[in-house]
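This is my_file_0.pdb. It holds PDB, C-alpha atoms, pLDDT in the B column.
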ATOM      1  CA  MET I   1       0.000   0.000   0.000  1.00 73.00           C
ATOM      2  CA  GLU I   2       1.358   3.400  -1.007  1.00 79.00           C
ATOM      3  CA  THR I   3       1.979   6.003   1.662  1.00 85.00           C
ATOM      4  CA  SER I   4       0.782   9.571   1.251  1.00 93.00           C
ATOM      5  CA  TYR I   5       4.390  10.507   0.434  1.00 95.00           C
ATOM      6  CA  GLN I   6       4.556   7.912  -2.339  1.00 94.00           C
ATOM      7  CA  GLN I   7       1.201   9.038  -3.732  1.00 95.00           C
ATOM      8  CA  THR I   8       2.451  12.606  -3.948  1.00 96.00           C
ATOM      9  CA  PHE I   9       5.791  11.431  -5.371  1.00 95.00           C
ATOM     10  CA  ASN I  10       4.021   9.424  -8.089  1.00 94.00           C
ATOM     11  CA  GLY I  11       1.557  12.235  -8.858  1.00 94.00           C
ATOM     12  CA  LEU I  12       1.600  14.936 -11.491  1.00 95.00           C
ATOM     13  CA  PHE I  13       4.674  17.183 -11.659  1.00 96.00           C
ATOM     14  CA  ASN I  14       5.605  20.052 -13.954  1.00 95.00           C
ATOM     15  CA  SER I  15       9.089  20.983 -15.042  1.00 93.00           C
ATOM     16  CA  LEU I  16      10.685  24.303 -14.310  1.00 91.00           C
ATOM     17  CA  LEU I  17      11.877  24.346 -17.896  1.00 88.00           C
ATOM     18  CA  GLN I  18      13.652  27.686 -18.177  1.00 90.00           C
ATOM     19  CA  TRP I  19      16.540  28.763 -15.962  1.00 92.00           C
ATOM     20  CA  ASP I  20      14.655  32.005 -15.216  1.00 94.00           C
ATOM     21  CA  ASP I  21      11.689  29.915 -14.016  1.00 93.00           C
ATOM     22  CA  LEU I  22      13.995  28.046 -11.664  1.00 95.00           C
ATOM     23  CA  THR I  23      15.489  31.285 -10.329  1.00 95.00           C
ATOM     24  CA  GLN I  24      12.015  32.652  -9.569  1.00 95.00           C
ATOM     25  CA  PHE I  25      10.948  29.366  -7.994  1.00 95.00           C
ATOM     26  CA  TRP I  26      13.999  29.295  -5.679  1.00 94.00           C
ATOM     27  CA  GLU I  27      13.278  32.900  -4.667  1.00 93.00           C
ATOM     28  CA  GLN I  28       9.675  31.997  -3.913  1.00 92.00           C
ATOM     29  CA  LEU I  29      10.747  29.020  -1.787  1.00 91.00           C
ATOM     30  CA  GLN I  30      13.282  31.116   0.117  1.00 89.00           C
ATOM     31  CA  GLN I  31      10.679  33.800   0.872  1.00 86.00           C
ATOM     32  CA  GLY I  32       8.140  31.257   2.139  1.00 78.00           C
ATOM     33  CA  SER I  33       8.138  29.142   5.252  1.00 69.00           C
ATOM     34  CA  HIS I  34      11.360  27.139   5.449  1.00 66.00           C
ATOM     35  CA  GLU I  35      10.746  25.400   8.731  1.00 70.00           C
ATOM     36  CA  SER I  36       8.544  22.608   7.465  1.00 90.00           C
ATOM     37  CA  TRP I  37      10.647  21.092   4.680  1.00 95.00           C
ATOM     38  CA  TYR I  38      12.431  17.774   4.531  1.00 96.00           C
ATOM     39  CA  ILE I  39      15.410  17.382   2.213  1.00 96.00           C
ATOM     40  CA  TYR I  40      15.990  13.831   1.051  1.00 95.00           C
ATOM     41  CA  ALA I  41      19.078  12.762  -0.889  1.00 92.00           C
ATOM     42  CA  ILE I  42      18.004   9.577  -2.643  1.00 90.00           C
ATOM     43  CA  GLY I  43      20.432   6.842  -1.620  1.00 87.00           C
ATOM     44  CA  GLU I  44      20.881   8.221   1.890  1.00 89.00           C
ATOM     45  CA  ALA I  45      18.595   7.351   4.780  1.00 91.00           C
ATOM     46  CA  PRO I  46      15.371   9.360   4.577  1.00 95.00           C
ATOM     47  CA  PRO I  47      15.369  12.273   7.037  1.00 95.00           C
ATOM     48  CA  THR I  48      13.293  12.001  10.180  1.00 95.00           C
ATOM     49  CA  SER I  49      13.060  15.717  10.905  1.00 95.00           C
ATOM     50  CA  HIS I  50      12.599  18.996   9.078  1.00 94.00           C
ATOM     51  CA  VAL I  51      15.659  21.040   8.200  1.00 93.00           C
ATOM     52  CA  THR I  52      16.283  24.404   9.796  1.00 91.00           C
ATOM     53  CA  ALA I  53      15.528  27.565   7.847  1.00 90.00           C
ATOM     54  CA  ALA I  54      19.260  28.217   7.434  1.00 90.00           C
ATOM     55  CA  ALA I  55      19.916  24.669   6.161  1.00 91.00           C
ATOM     56  CA  PHE I  56      17.007  24.960   3.729  1.00 93.00           C
ATOM     57  CA  ILE I  57      18.326  28.213   2.265  1.00 93.00           C
ATOM     58  CA  ASP I  58      21.888  26.819   2.123  1.00 93.00           C
ATOM     59  CA  PHE I  59      20.624  23.778   0.252  1.00 94.00           C
ATOM     60  CA  ILE I  60      18.707  25.896  -2.287  1.00 95.00           C
ATOM     61  CA  GLN I  61      21.790  28.030  -2.934  1.00 94.00           C
ATOM     62  CA  GLU I  62      24.158  25.053  -3.194  1.00 93.00           C
ATOM     63  CA  ILE I  63      21.897  22.911  -5.379  1.00 94.00           C
ATOM     64  CA  ASP I  64      21.371  25.867  -7.703  1.00 94.00           C
ATOM     65  CA  LEU I  65      25.145  26.265  -8.072  1.00 93.00           C
ATOM     66  CA  LEU I  66      25.573  22.533  -8.693  1.00 90.00           C
ATOM     67  CA  LEU I  67      22.795  22.405 -11.311  1.00 92.00           C
ATOM     68  CA  ARG I  68      24.050  25.446 -13.222  1.00 90.00           C
ATOM     69  CA  ARG I  69      27.644  24.182 -13.143  1.00 90.00           C
ATOM     70  CA  GLU I  70      26.953  20.562 -14.102  1.00 85.00           C
ATOM     71  CA  HIS I  71      23.893  20.940 -16.362  1.00 80.00           C
ATOM     72  CA  ASP I  72      25.364  23.261 -18.966  1.00 79.00           C
ATOM     73  CA  GLU I  73      22.296  23.303 -21.178  1.00 76.00           C
ATOM     74  CA  ARG I  74      20.185  26.058 -22.725  1.00 81.00           C
ATOM     75  CA  ILE I  75      17.193  24.965 -20.654  1.00 77.00           C
ATOM     76  CA  CYS I  76      16.979  23.618 -17.121  1.00 84.00           C
ATOM     77  CA  GLY I  77      14.250  20.972 -17.335  1.00 83.00           C
ATOM     78  CA  ILE I  78      15.563  18.829 -14.442  1.00 89.00           C
ATOM     79  CA  VAL I  79      13.641  20.347 -11.534  1.00 95.00           C
ATOM     80  CA  TYR I  80       9.981  19.410 -11.166  1.00 96.00           C
ATOM     81  CA  THR I  81       7.329  20.584  -8.733  1.00 96.00           C
ATOM     82  CA  ASN I  82       3.870  19.361  -7.931  1.00 96.00           C
ATOM     83  CA  HIS I  83       2.569  22.955  -7.737  1.00 93.00           C
ATOM     84  CA  ALA I  84       4.313  26.103  -8.955  1.00 87.00           C
ATOM     85  CA  GLU I  85       2.768  28.503  -6.413  1.00 88.00           C
ATOM     86  CA  ILE I  86       2.186  26.262  -3.394  1.00 90.00           C
ATOM     87  CA  PRO I  87       4.566  23.316  -3.760  1.00 94.00           C
ATOM     88  CA  THR I  88       4.577  20.439  -1.319  1.00 95.00           C
ATOM     89  CA  MET I  89       7.174  18.402  -3.205  1.00 97.00           C
ATOM     90  CA  VAL I  90      10.066  19.228  -5.529  1.00 97.00           C
ATOM     91  CA  LYS I  91      12.076  16.630  -7.444  1.00 97.00           C
ATOM     92  CA  ILE I  92      15.603  17.609  -8.434  1.00 95.00           C
ATOM     93  CA  TYR I  93      17.326  15.317 -10.922  1.00 92.00           C
ATOM     94  CA  ASP I  94      21.060  14.819 -10.788  1.00 88.00           C
ATOM     95  CA  PRO I  95      22.649  16.239 -13.963  1.00 83.00           C
ATOM     96  CA  ASN I  96      25.021  13.249 -13.996  1.00 75.00           C
ATOM     97  CA  ASN I  97      22.241  10.637 -13.801  1.00 67.00           C
ATOM     98  CA  LEU I  98      19.440  11.850 -16.024  1.00 63.00           C
ATOM     99  CA  GLY I  99      18.426   8.888 -18.105  1.00 58.00           C
ATOM    100  CA  VAL I 100      14.927   9.894 -19.259  1.00 49.00           C
ATOM    101  CA  SER I 101      13.773  12.099 -16.385  1.00 44.00           C
ATOM    102  CA  CYS I 102      10.693  13.358 -18.212  1.00 48.00           C
ATOM    103  CA  GLY I 103       8.863  10.153 -17.389  1.00 48.00           C
ATOM    104  CA  SER I 104       8.411   8.875 -20.931  1.00 50.00           C
ATOM    105  CA  SER I 105      10.563   5.908 -20.015  1.00 54.00           C
ATOM    106  CA  GLU I 106       8.937   2.851 -18.472  1.00 62.00           C
ATOM    107  CA  ASN I 107      11.475   3.037 -15.628  1.00 64.00           C
ATOM    108  CA  PRO I 108      12.588   6.667 -15.273  1.00 69.00           C
ATOM    109  CA  PRO I 109      15.476   7.299 -12.890  1.00 80.00           C
ATOM    110  CA  LEU I 110      14.797   8.524  -9.401  1.00 88.00           C
ATOM    111  CA  PRO I 111      15.649  12.154  -8.728  1.00 92.00           C
ATOM    112  CA  GLY I 112      18.838  12.923  -6.876  1.00 91.00           C
ATOM    113  CA  TRP I 113      17.063  14.997  -4.241  1.00 93.00           C
ATOM    114  CA  VAL I 114      13.509  15.595  -3.076  1.00 97.00           C
ATOM    115  CA  LEU I 115      12.207  18.537  -1.075  1.00 97.00           C
ATOM    116  CA  SER I 116       8.921  17.699   0.609  1.00 97.00           C
ATOM    117  CA  ARG I 117       6.517  18.858   3.272  1.00 95.00           C
ATOM    118  CA  GLU I 118       5.801  15.222   4.194  1.00 95.00           C
ATOM    119  CA  GLN I 119       8.325  12.958   5.866  1.00 96.00           C
ATOM    120  CA  PRO I 120      10.015  10.902   3.143  1.00 97.00           C
ATOM    121  CA  VAL I 121       9.985   7.137   2.922  1.00 95.00           C
ATOM    122  CA  ASP I 122      12.876   5.116   1.531  1.00 93.00           C
ATOM    123  CA  LEU I 123      12.485   5.092  -2.251  1.00 90.00           C
ATOM    124  CA  GLN I 124      15.016   2.244  -2.532  1.00 83.00           C
ATOM    125  CA  PRO I 125      17.228   3.340  -5.413  1.00 77.00           C
ATOM    126  CA  VAL I 126      18.529   0.648  -7.729  1.00 72.00           C
ATOM    127  CA  GLN I 127      22.017   2.164  -7.873  1.00 70.00           C
ATOM    128  CA  PRO I 128      24.056   3.417  -4.904  1.00 69.00           C
ATOM    129  CA  LEU I 129      24.637   7.131  -4.521  1.00 68.00           C
ATOM    130  CA  PRO I 130      27.925   8.024  -6.301  1.00 71.00           C
ATOM    131  CA  GLY I 131      30.831   8.916  -4.005  1.00 75.00           C
ATOM    132  CA  ASN I 132      31.097  12.504  -5.258  1.00 75.00           C
ATOM    133  CA  ARG I 133      27.414  13.090  -4.429  1.00 74.00           C
ATOM    134  CA  LYS I 134      27.790  11.525  -0.978  1.00 72.00           C
ATOM    135  CA  ARG I 135      30.697  13.862  -0.254  1.00 79.00           C
ATOM    136  CA  TRP I 136      28.803  16.908  -1.593  1.00 76.00           C
ATOM    137  CA  TRP I 137      25.737  16.030   0.501  1.00 74.00           C
ATOM    138  CA  ARG I 138      27.676  15.381   3.695  1.00 76.00           C
ATOM    139  CA  ASN I 139      29.818  18.491   3.297  1.00 78.00           C
ATOM    140  CA  LEU I 140      26.706  20.599   2.784  1.00 71.00           C
ATOM    141  CA  PHE I 141      25.276  19.620   6.162  1.00 65.00           C
ATOM    142  CA  SER I 142      28.540  19.544   8.101  1.00 64.00           C
ATOM    143  CA  LYS I 143      29.042  23.327   7.850  1.00 55.00           C
TER
END

Kindly transcribe the structure held in the file into structure tokens.
Amino acid sequence: METSYQQTFNGLFNSLLQWDDLTQFWEQLQQGSHESWYIYAIGEAPPTSHVTAAAFIDFIQEIDLLLRREHDERICGIVYTNHAEIPTMVKIYDPNNLGVSCGSSENPPLPGWVLSREQPVDLQPVQPLPGNRKRWWRNLFSK
């Protein structure tokens, strides 16, 4: 039986296609309430508590830098949200593990990171988290 988290995860999402759209979305998230977000790095243990406001903002800034550096494309197209104005979940695909992230594949890859208002459940990735991503993730939260 699917949890509420899994139902939301498997629901309808829209891409933040343009880089300008992503910039505006990050600004909107940073201006909203930060206290009730979970940040889940797929391949790590799902978090059991919300992140602090400072950790949330740090993550947004660092993931934006990573995406712009490693996804050197004309369009973004690798960040998806379930609602542009009032999101409760955001899927962020790893630029180095895209496969067919648009969902047209029968088995699309899992995102690299998920921001959610609900406590995540283990999505059980098929492949382990690459070492460089583990280091990036752990360094981000050891500041």

request  = List, as a PyMOL selection string, every residue that the PyMOL selection byres ((chain I and resi 64) around 12) selects in the file provided.
outcome  = chain I and resi 19-20+22-27+57-63+65-71+76+78-79+92-95

task = Specify as number ranges by chain each residue included when the PyMOL selection byres ((chain I and resi 121) around 12) is applied to this file.
result = I: 2-9, 38-48, 114, 116, 118-120, 122-125

Requested write-out: C-alpha atoms of the selected residues, as a PDB file, keeping the file's coordinate frame:
ATOM      1  CA  GLU I   2       1.358   3.400  -1.007  1.00 79.00           C
ATOM      2  CA  THR I   3       1.979   6.003   1.662  1.00 85.00           C
ATOM      3  CA  SER I   4       0.782   9.571   1.251  1.00 93.00           C
ATOM      4  CA  TYR I   5       4.390  10.507   0.434  1.00 95.00           C
ATOM      5  CA  GLN I   6       4.556   7.912  -2.339  1.00 94.00           C
ATOM      6  CA  GLN I   7       1.201   9.038  -3.732  1.00 95.00           C
ATOM      7  CA  THR I   8       2.451  12.606  -3.948  1.00 96.00           C
ATOM      8  CA  PHE I   9       5.791  11.431  -5.371  1.00 95.00           C
ATOM      9  CA  TYR I  38      12.431  17.774   4.531  1.00 96.00           C
ATOM     10  CA  ILE I  39      15.410  17.382   2.213  1.00 96.00           C
ATOM     11  CA  TYR I  40      15.990  13.831   1.051  1.00 95.00           C
ATOM     12  CA  ALA I  41      19.078  12.762  -0.889  1.00 92.00           C
ATOM     13  CA  ILE I  42      18.004   9.577  -2.643  1.00 90.00           C
ATOM     14  CA  GLY I  43      20.432   6.842  -1.620  1.00 87.00           C
ATOM     15  CA  GLU I  44      20.881   8.221   1.890  1.00 89.00           C
ATOM     16  CA  ALA I  45      18.595   7.351   4.780  1.00 91.00           C
ATOM     17  CA  PRO I  46      15.371   9.360   4.577  1.00 95.00           C
ATOM     18  CA  PRO I  47      15.369  12.273   7.037  1.00 95.00           C
ATOM     19  CA  THR I  48      13.293  12.001  10.180  1.00 95.00           C
ATOM     20  CA  VAL I 114      13.509  15.595  -3.076  1.00 97.00           C
ATOM     21  CA  SER I 116       8.921  17.699   0.609  1.00 97.00           C
ATOM     22  CA  GLU I 118       5.801  15.222   4.194  1.00 95.00           C
ATOM     23  CA  GLN I 119       8.325  12.958   5.866  1.00 96.00           C
ATOM     24  CA  PRO I 120      10.015  10.902   3.143  1.00 97.00           C
ATOM     25  CA  ASP I 122      12.876   5.116   1.531  1.00 93.00           C
ATOM     26  CA  LEU I 123      12.485   5.092  -2.251  1.00 90.00           C
ATOM     27  CA  GLN I 124      15.016   2.244  -2.532  1.00 83.00           C
ATOM     28  CA  PRO I 125      17.228   3.340  -5.413  1.00 77.00           C
TER      29      PRO I 125
END

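Between Ile86 in chain I and the candidates I:Met1, I:Leu29, I:Leu110, I:Val51, the tightest atom-to-atom separation, counting only C-alpha atoms, involves I:Leu29.
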
ask   = Can you list, as a ChimeraX atom specification, every protein, DNA or RNA residue that comes within 7 Å of Ile75 in chain I when you count all atoms listed in the file, leaving out same-chain residues fewer than 2 positions away?
value = /I:17-19,73,77

query = Between CA of Asn10 in chain I and CA of Ala54 in chain I, what is the spacing in Å?
reply = 28.7 Å

Gap from CA of Trp136 in chain I to CA of His83 in chain I - Å, one decimal = 27.6 Å

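In this model, the gap between CA of Ala84 in chain I and CA of Leu140 in chain I comes to 25.9 Å.
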
message = I'd like the residues picked by the PyMOL selection byres ((chain I and resi 13) around 8) written out as a list of chain:residue names, using the chain letters and numbers from the file.
response = I:Gly11, I:Leu12, I:Asn14, I:Ser15, I:Tyr80, I:Thr81, I:Asn82, I:His83

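Restricting the calculation to only C-alpha atoms, the smallest distance between Lys134 in chain I and any of I:Asp72, I:Val90, I:Arg117, I:Gly112 is found for I:Gly112.
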